[in-house]
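Novice: I'd like to ask some things about the structure below.
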Protein chains: 4
Amino acid sequence: MCRFVLYMGPEISMSSLVTEPEHSIIVQSFNSQERPEPLNGDGFGVGWYSDRDPDAAIFKSISPAWNNHNLFNLSRVIRSHCILAHVRAASPGLPVTRFNCHPFSRGHFSFMHNGRISNFQSIKRQLCNNLSDAAYAWIQGSTDSEHLFALYTDIYAGIDGPDSADKMARALTQTLVRISEMCRAAKQLETCDYNLVVTDGRRAVVCRYSTGGAEPNSLHIHTGHRYSCHEGEVNLSPCAEPTVLVASEALTDADSWQVVAAGQMLLINESLEVEVREMFTPH
Amino acid sequence: MCRFVLYMGPEISMSSLVTEPEHSIIVQSFNSQERPEPLNGDGFGVGWYSDRDPDAAIFKSISPAWNNHNLFNLSRVIRSHCILAHVRAASPGLPVTRFNCHPFSRGHFSFMHNGRISNFQSIKRQLCNNLSDAAYAWIQGSTDSEHLFALYTDIYAGIDGPDSADKMARALTQTLVRISEMCRAAKQLETCDYNLVVTDGRRAVVCRYSTGGAEPNSLHIHTGHRYSCHEGEVNLSPCAEPTVLVASEALTDADSWQVVAAGQMLLINESLEVEVREMFTPH
Amino acid sequence: MCRFVLYMGPEISMSSLVTEPEHSIIVQSFNSQERPEPLNGDGFGVGWYSDRDPDAAIFKSISPAWNNHNLFNLSRVIRSHCILAHVRAASPGLPVTRFNCHPFSRGHFSFMHNGRISNFQSIKRQLCNNLSDAAYAWIQGSTDSEHLFALYTDIYAGIDGPDSADKMARALTQTLVRISEMCRAAKQLETCDYNLVVTDGRRAVVCRYSTGGAEPNSLHIHTGHRYSCHEGEVNLSPCAEPTVLVASEALTDADSWQVVAAGQMLLINESLEVEVREMFTPH
Amino acid sequence: MCRFVLYMGPEISMSSLVTEPEHSIIVQSFNSQERPEPLNGDGFGVGWYSDRDPDAAIFKSISPAWNNHNLFNLSRVIRSHCILAHVRAASPGLPVTRFNCHPFSRGHFSFMHNGRISNFQSIKRQLCNNLSDAAYAWIQGSTDSEHLFALYTDIYAGIDGPDSADKMARALTQTLVRISEMCRAAKQLETCDYNLVVTDGRRAVVCRYSTGGAEPNSLHIHTGHRYSCHEGEVNLSPCAEPTVLVASEALTDADSWQVVAAGQMLLINESLEVEVREMFTPH
């Protein structure tokens, strides 16, 4: 269910991340390697931040990523220091509409999810009843992911203190705890999968986590090297300027990609330093 | 906001109702005459019943009706004794997706709405909390109309007795009363508009109603004549076999079209006899 | 590049052919087994004939077949004695639009193609210059397939005699000969692949052929058994009433499916008898 | 048939041109004022140039401009010194696909057309036969506009000398002369309408012209004032830095908008100076 990639670092062109690499997210849309089912053709989305605007720009479509001319055209000209991209394999029963595609964006935050809340219907109303009016009104689609993110934005807004990766991590953790409680209350005991990315364009929090000790979906990280892509081949050259890449599947064969361990949460701060935390184990 | 048409009578081709008449629903999609704004270009839908299947077939799309090749192609070959068609002008803030297009269909029932529940967000969670799990899980879009219809299907299922237009009318009335109560509780006092059609393919209930004494949207009815359309011109020839047409805007200039009075509910039974009832006035 | 299926026989529901079988054309849209690349997600189309209208009805869309709600809805209610379905894997450089999806329909004929004219651009203008004004004006897309079919309809119209499978076979053969000549004149010597279906709803001609002795794409035929599908399992029960199925990939494991040999043309007449002819070998 | 707008000047946000003005191109998509028919809902497109890339970026869609979320989202973040936008009312018989939407882009050039070559089919093959292989292969849709532009790019490439507005004007004039000759040869004598914009991001040529002395579609120009838009209201403040706006319909009530006279061609050079030329009168 879905593949995603997050880039943070010196400004790059979106195409060098999204369309050009040999194992790009476009390739992963029809030939992903680390899922039992290779196809992620139920829509896609990209998000990016510019220096001028603290809110992300979002382009999403229900057409498969691999044949979307607008995506190729936009990727060629868009440049950014923070880019998100997501290809979707719809969970059974969830409609394919633009409003169910990732990334989601609310205020300064953007969000992507690979996984699902099992039996989401069993807790959906409870979750909605827990949202602020504004967060509830903001929801346009029907996915578990969008609802989870709405709850996150509410919880984040309720935590005191300045913006920080730590605050984001605490909000995300509380979000998962709250959803875990709702699942228990609804006797929803099936495994939920939470490979998540939340970013405000300057910081990000990422986790790889499944409930009940299940093996989570694949997730990889790459840090510390300048990123570029020429003729399909990705270059990750040593560089003082920090770069962070997080991807469901490594974009290259380079040894420098590392597996994010199950149950880990990564905090990426304003300096693009990465802190690793072990996650709680709610059920 | 939207235009619709319902046909019940001897089997006709969908094109004779939907695409061919001079003031067809297709024409109403870009040039409606009885609304301040002539455009209904935010998607469309058609539904129809066949003898073999008690559930309606539905074809909907977010593209404007006037340039949809599939619609023209299907209309040419589909024949039915009960056809619904709807062109949408999206209420502000409601996304244009297939899942927000009318008609909606659940079990044997199909449903169309021209109007809106004002400030729907203020009662949406309350309405969801009142739905059965099955009706709630059935919802795929985000419109007031789909939620209203989900509530109707729950209420209908809770009324004893065999299927009948009277039972449908009672369920629809209770639905509007319940929504009216929710609006009052939420201090939502703005006018709500309810030009509604619900049918199970054999019977139908239609109403033209706005809360607070406001003038409802236009609605017309035509009965008792066989319907046909040749070269854009509609023929309504005297006929023993009953026919009922209900339309936001008359498809022809014929004198035989009648205005449905504000506050009236029409019950169309298995014999296609039409009974007129005055509606309650909840607020 | 593409998968297709043709059904001719006693009236069946479209769903029993298109959506229900375990290895249905829907499954082949994301998991075809007899092509190097399993994905055929660049749009789809269905066509069918009714007793009332000698022209096929066509429903096509650029969305992948597997997530198209309209397709599932229509398949449930449409019944026909002659059904075509096609899932597309776009040739490189050919745009994904509704007008490039198969089947194509002109007059009484419908047409599907699995394969391609290599370097089609090199002969496209020559081909267009050979079309009648009417056939040229009829073209709406940009595929080799649609142009080939336009030429076929012109050639068929120029052959004397009543409609017959033999006349269709001669027209199709002449079409391929003419295209072969254009390729030679343009020094276009790469292999062209022609797995083709043309039908008028009562008769059909099918071929499995590649130029230059290359192995054509897979093609299977099944005859002589009544077709039905219950809970995903296809039944092919012995039956006096003739049935013909032609499919890029067998819909079942039944032994009764036969491979169409390379270079064969199948003529299916009004009685659904199948005659096999060896094809010419133009280059 | 269509409305368009071109902006050249200091960098502005796309939203200030496309989505915010009271009579923006979005408003013109459903409520244009200077055409008999107010609706331009058959798709839209935007193009823009960045400093980094001499080729335009293009975003086009078949959905109506007024309900396209991606358009609103992109317009918010894209900034450019040269922006084109177009809303389409499809000529009868021409399909609505992304590949028939304007602007078209080939090499450094972008192109928009409001009008049509009447009976285009009668000269289409002749026009194609006159194109270079590369220009012919570049065509993806079926419109008169795209073919006209392909011919322009061929003719421009055949003219010696450095890039200039004058060279563009000569190429555009020769294009119209050639098409006029083809029409005459095909006995196509109906009025053709050519409100055209061609730009390479630094220079532009615009014309307002109909054959046979017919009144062309509306066209307006605005120069010499800095452009901005706040809360729907457009500001055109005196400014030394040159700005040129060309629009089918004035975006504001300001007196400073001027009508482009019928039969005029405007040459906008690298300094954004505007030269007016009277056009030839080919038939």
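Each chain in the structure tokens gets a letter, A, B and so on, in the order shown; residues start at 1 in every chain, and ligands are counted from 1 in the order they appear.
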Can you pull out the residues contacting Leu236 (chain D)? Cut-off 12 Å, using only C-alpha atoms, and skip same-chain residues under 2 positions away; I want them as a list in words.
Specialist: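 Result of the neighbour search: His222, Thr223, Gly224, His225, Arg226, Tyr227, Ser228, Cys229, His230, Glu233, Val234, Pro238, Cys239, Pro242, Thr243, Val244, Leu245, Leu251, Thr252, Asp253, Ala254, Asp255, Ser256 and Trp257 of chain D.
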Novice: For Ser24 (chain D), list every protein, DNA or RNA residue within 9 Å, evaluated using only C-alpha atoms, and leave out those in the same chain fewer than 6 positions away; present the list as a list in words.
Specialist: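 With the cut-off at 9 Å, the set is Ser16, Leu17, Val18, Gly232, Glu249, Ala250, Leu251 and Thr252 of chain D.
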Novice: Would you give me, as a tab-separated table, each residue of chain C having an atom within 9 Å of an atom of chain D, along with its shortest atom pair and that distance in Å to one decimal, using only C-alpha atoms and sorting by chain and residue number?
Specialist:
```
residue	atom	partner	partner_atom	distance
C:Leu94	CA	D:Gln140	CA	7.8
C:Pro95	CA	D:Gln140	CA	7.0
C:Thr97	CA	D:Thr97	CA	6.4
C:Arg98	CA	D:Thr97	CA	7.6
C:Phe99	CA	D:Pro95	CA	8.0
C:Gln121	CA	D:Ala137	CA	6.3
C:Ser122	CA	D:Asp133	CA	8.2
C:Arg125	CA	D:Asn129	CA	6.8
C:Gln126	CA	D:Asn129	CA	8.8
C:Cys128	CA	D:Arg125	CA	7.1
C:Asn129	CA	D:Arg125	CA	6.8
C:Asp133	CA	D:Gln121	CA	8.2
C:Tyr136	CA	D:Gln121	CA	8.1
C:Ala137	CA	D:Gln121	CA	6.3
C:Ile139	CA	D:Ser142	CA	8.9
C:Gln140	CA	D:Ser142	CA	6.8
C:Gly141	CA	D:Gly141	CA	7.0
C:Ser142	CA	D:Gln140	CA	6.8
```
Novice: If you run DSSP over the backbone, which residues in region 59-220 of chain B end up strand (DSSP E)? Put them as an MDAnalysis selection string.
Specialist: chainID B and resid 59:61 79:87 104:106 109:116 193:199 204:210 220
Novice: Next, the residues of the selection above should be written as an mmCIF file, in the first residue's frame with C-alpha atoms.
Specialist:
```
data_model
loop_
_atom_site.group_PDB
_atom_site.id
_atom_site.type_symbol
_atom_site.label_atom_id
_atom_site.label_comp_id
_atom_site.auth_asym_id
_atom_site.auth_seq_id
_atom_site.Cartn_x
_atom_site.Cartn_y
_atom_site.Cartn_z
ATOM 1 C CA PHE B 59 -22.902 6.114 -14.341
ATOM 2 C CA LYS B 60 -21.303 9.288 -12.965
ATOM 3 C CA SER B 61 -18.400 11.487 -13.929
ATOM 4 C CA ARG B 79 -33.391 1.571 -22.361
ATOM 5 C CA SER B 80 -35.315 1.656 -19.130
ATOM 6 C CA HIS B 81 -38.707 2.236 -17.529
ATOM 7 C CA CYS B 82 -37.133 4.320 -14.756
ATOM 8 C CA ILE B 83 -34.335 6.799 -15.458
ATOM 9 C CA LEU B 84 -32.737 9.478 -13.294
ATOM 10 C CA ALA B 85 -30.310 12.156 -14.465
ATOM 11 C CA HIS B 86 -28.592 14.940 -12.552
ATOM 12 C CA VAL B 87 -26.179 17.751 -13.428
ATOM 13 C CA PHE B 104 -26.675 8.064 -5.107
ATOM 14 C CA SER B 105 -27.755 4.448 -4.897
ATOM 15 C CA ARG B 106 -28.063 2.185 -1.874
ATOM 16 C CA PHE B 109 -33.067 3.065 -3.679
ATOM 17 C CA SER B 110 -31.675 5.872 -5.827
ATOM 18 C CA PHE B 111 -31.620 9.482 -4.747
ATOM 19 C CA MET B 112 -31.081 12.975 -6.177
ATOM 20 C CA HIS B 113 -30.989 16.347 -4.464
ATOM 21 C CA ASN B 114 -31.235 19.872 -5.796
ATOM 22 C CA GLY B 115 -30.489 22.213 -2.906
ATOM 23 C CA ARG B 116 -28.437 21.965 0.235
ATOM 24 C CA ASP B 193 -33.350 23.602 0.240
ATOM 25 C CA TYR B 194 -34.788 20.176 -0.402
ATOM 26 C CA ASN B 195 -35.892 19.385 -3.906
ATOM 27 C CA LEU B 196 -35.551 15.640 -3.602
ATOM 28 C CA VAL B 197 -36.221 12.491 -5.568
ATOM 29 C CA VAL B 198 -36.078 9.010 -4.093
ATOM 30 C CA THR B 199 -37.113 5.942 -6.068
ATOM 31 C CA ALA B 204 -40.954 7.319 -6.160
ATOM 32 C CA VAL B 205 -41.336 10.179 -3.739
ATOM 33 C CA VAL B 206 -40.517 13.727 -4.776
ATOM 34 C CA CYS B 207 -40.612 16.941 -2.802
ATOM 35 C CA ARG B 208 -40.139 20.648 -3.416
ATOM 36 C CA TYR B 209 -39.414 22.319 -0.153
ATOM 37 C CA SER B 210 -37.296 24.990 1.522
ATOM 38 C CA HIS B 220 -42.141 20.618 -12.701
#
```
Novice: Go through B:Arg203, B:His69, B:Arg76, B:Arg52 and flag the residue nearest Asp166 (chain B), using only C-alpha atoms for the distances.
Specialist: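 Closest candidate: B:Arg203.
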Novice: Show me, as an MDAnalysis selection string, the residues that have an atom within 9 Å of region 181-187 of chain B when counting only C-alpha atoms, minus same-chain residues fewer than 3 positions from it.
Specialist: chainID B and resid 117:120 122:123 126:127 176:178 190 282:283
Novice: Can I get the selection written as a PDB file, in the first residue's frame, with N, CA, C and O atoms?
Specialist:
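Output (selection_14.pdb):
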```
ATOM      1  N   ILE B 117     -28.167  21.487   2.555  1.00  0.00           N
ATOM      2  CA  ILE B 117     -28.255  21.753   3.980  1.00  0.00           C
ATOM      3  C   ILE B 117     -27.226  22.839   4.265  1.00  0.00           C
ATOM      4  O   ILE B 117     -26.026  22.605   4.135  1.00  0.00           O
ATOM      5  N   SER B 118     -27.682  24.031   4.598  1.00  0.00           N
ATOM      6  CA  SER B 118     -26.736  25.116   4.853  1.00  0.00           C
ATOM      7  C   SER B 118     -25.873  24.783   6.063  1.00  0.00           C
ATOM      8  O   SER B 118     -26.338  24.151   7.010  1.00  0.00           O
ATOM      9  N   ASN B 119     -24.629  25.229   6.009  1.00  0.00           N
ATOM     10  CA  ASN B 119     -23.684  24.974   7.103  1.00  0.00           C
ATOM     11  C   ASN B 119     -23.678  23.504   7.510  1.00  0.00           C
ATOM     12  O   ASN B 119     -23.739  23.169   8.692  1.00  0.00           O
ATOM     13  N   PHE B 120     -23.586  22.666   6.514  1.00  0.00           N
ATOM     14  CA  PHE B 120     -23.700  21.231   6.761  1.00  0.00           C
ATOM     15  C   PHE B 120     -22.684  20.739   7.793  1.00  0.00           C
ATOM     16  O   PHE B 120     -22.960  19.843   8.594  1.00  0.00           O
ATOM     17  N   SER B 122     -21.865  21.934  10.446  1.00  0.00           N
ATOM     18  CA  SER B 122     -22.294  22.114  11.838  1.00  0.00           C
ATOM     19  C   SER B 122     -23.123  20.930  12.351  1.00  0.00           C
ATOM     20  O   SER B 122     -23.277  20.771  13.563  1.00  0.00           O
ATOM     21  N   ILE B 123     -23.674  20.137  11.457  1.00  0.00           N
ATOM     22  CA  ILE B 123     -24.459  18.975  11.915  1.00  0.00           C
ATOM     23  C   ILE B 123     -23.906  17.646  11.401  1.00  0.00           C
ATOM     24  O   ILE B 123     -24.456  16.593  11.691  1.00  0.00           O
ATOM     25  N   GLN B 126     -22.976  14.995  14.034  1.00  0.00           N
ATOM     26  CA  GLN B 126     -24.198  14.560  14.712  1.00  0.00           C
ATOM     27  C   GLN B 126     -24.979  13.596  13.802  1.00  0.00           C
ATOM     28  O   GLN B 126     -25.448  12.554  14.255  1.00  0.00           O
ATOM     29  N   LEU B 127     -25.075  13.963  12.543  1.00  0.00           N
ATOM     30  CA  LEU B 127     -25.783  13.095  11.595  1.00  0.00           C
ATOM     31  C   LEU B 127     -25.079  11.736  11.480  1.00  0.00           C
ATOM     32  O   LEU B 127     -25.721  10.684  11.530  1.00  0.00           O
ATOM     33  N   LEU B 176     -36.238  14.477   7.089  1.00  0.00           N
ATOM     34  CA  LEU B 176     -36.160  15.936   7.098  1.00  0.00           C
ATOM     35  C   LEU B 176     -36.435  16.497   8.500  1.00  0.00           C
ATOM     36  O   LEU B 176     -35.817  17.483   8.919  1.00  0.00           O
ATOM     37  N   VAL B 177     -37.330  15.860   9.220  1.00  0.00           N
ATOM     38  CA  VAL B 177     -37.602  16.307  10.599  1.00  0.00           C
ATOM     39  C   VAL B 177     -36.354  16.125  11.452  1.00  0.00           C
ATOM     40  O   VAL B 177     -35.955  17.030  12.202  1.00  0.00           O
ATOM     41  N   ARG B 178     -35.725  14.978  11.316  1.00  0.00           N
ATOM     42  CA  ARG B 178     -34.509  14.707  12.112  1.00  0.00           C
ATOM     43  C   ARG B 178     -33.408  15.710  11.782  1.00  0.00           C
ATOM     44  O   ARG B 178     -32.706  16.197  12.683  1.00  0.00           O
ATOM     45  N   GLU B 190     -30.070  28.979   8.916  1.00  0.00           N
ATOM     46  CA  GLU B 190     -30.196  29.405   7.520  1.00  0.00           C
ATOM     47  C   GLU B 190     -31.103  28.464   6.734  1.00  0.00           C
ATOM     48  O   GLU B 190     -31.242  27.292   7.071  1.00  0.00           O
ATOM     49  N   PRO B 282     -41.236  22.224   9.443  1.00  0.00           N
ATOM     50  CA  PRO B 282     -40.477  21.997  10.678  1.00  0.00           C
ATOM     51  C   PRO B 282     -39.848  23.252  11.296  1.00  0.00           C
ATOM     52  O   PRO B 282     -39.782  23.355  12.496  1.00  0.00           O
ATOM     53  N   HIS B 283     -39.345  24.174  10.495  1.00  0.00           N
ATOM     54  CA  HIS B 283     -38.889  25.420  11.124  1.00  0.00           C
ATOM     55  C   HIS B 283     -38.866  26.560  10.107  1.00  0.00           C
ATOM     56  O   HIS B 283     -38.988  26.344   8.926  1.00  0.00           O
TER      57      HIS B 283
END
```
Novice: Would you please give, as a ChimeraX atom specification, all residues of region 8-243 of chain C that DSSP assigns to helix (DSSP H, G or I) based on the backbone?
Specialist: /C:14-18,25-31,65-67,69-77,98-100,121-129,133-138,144-157,165-185,211-213
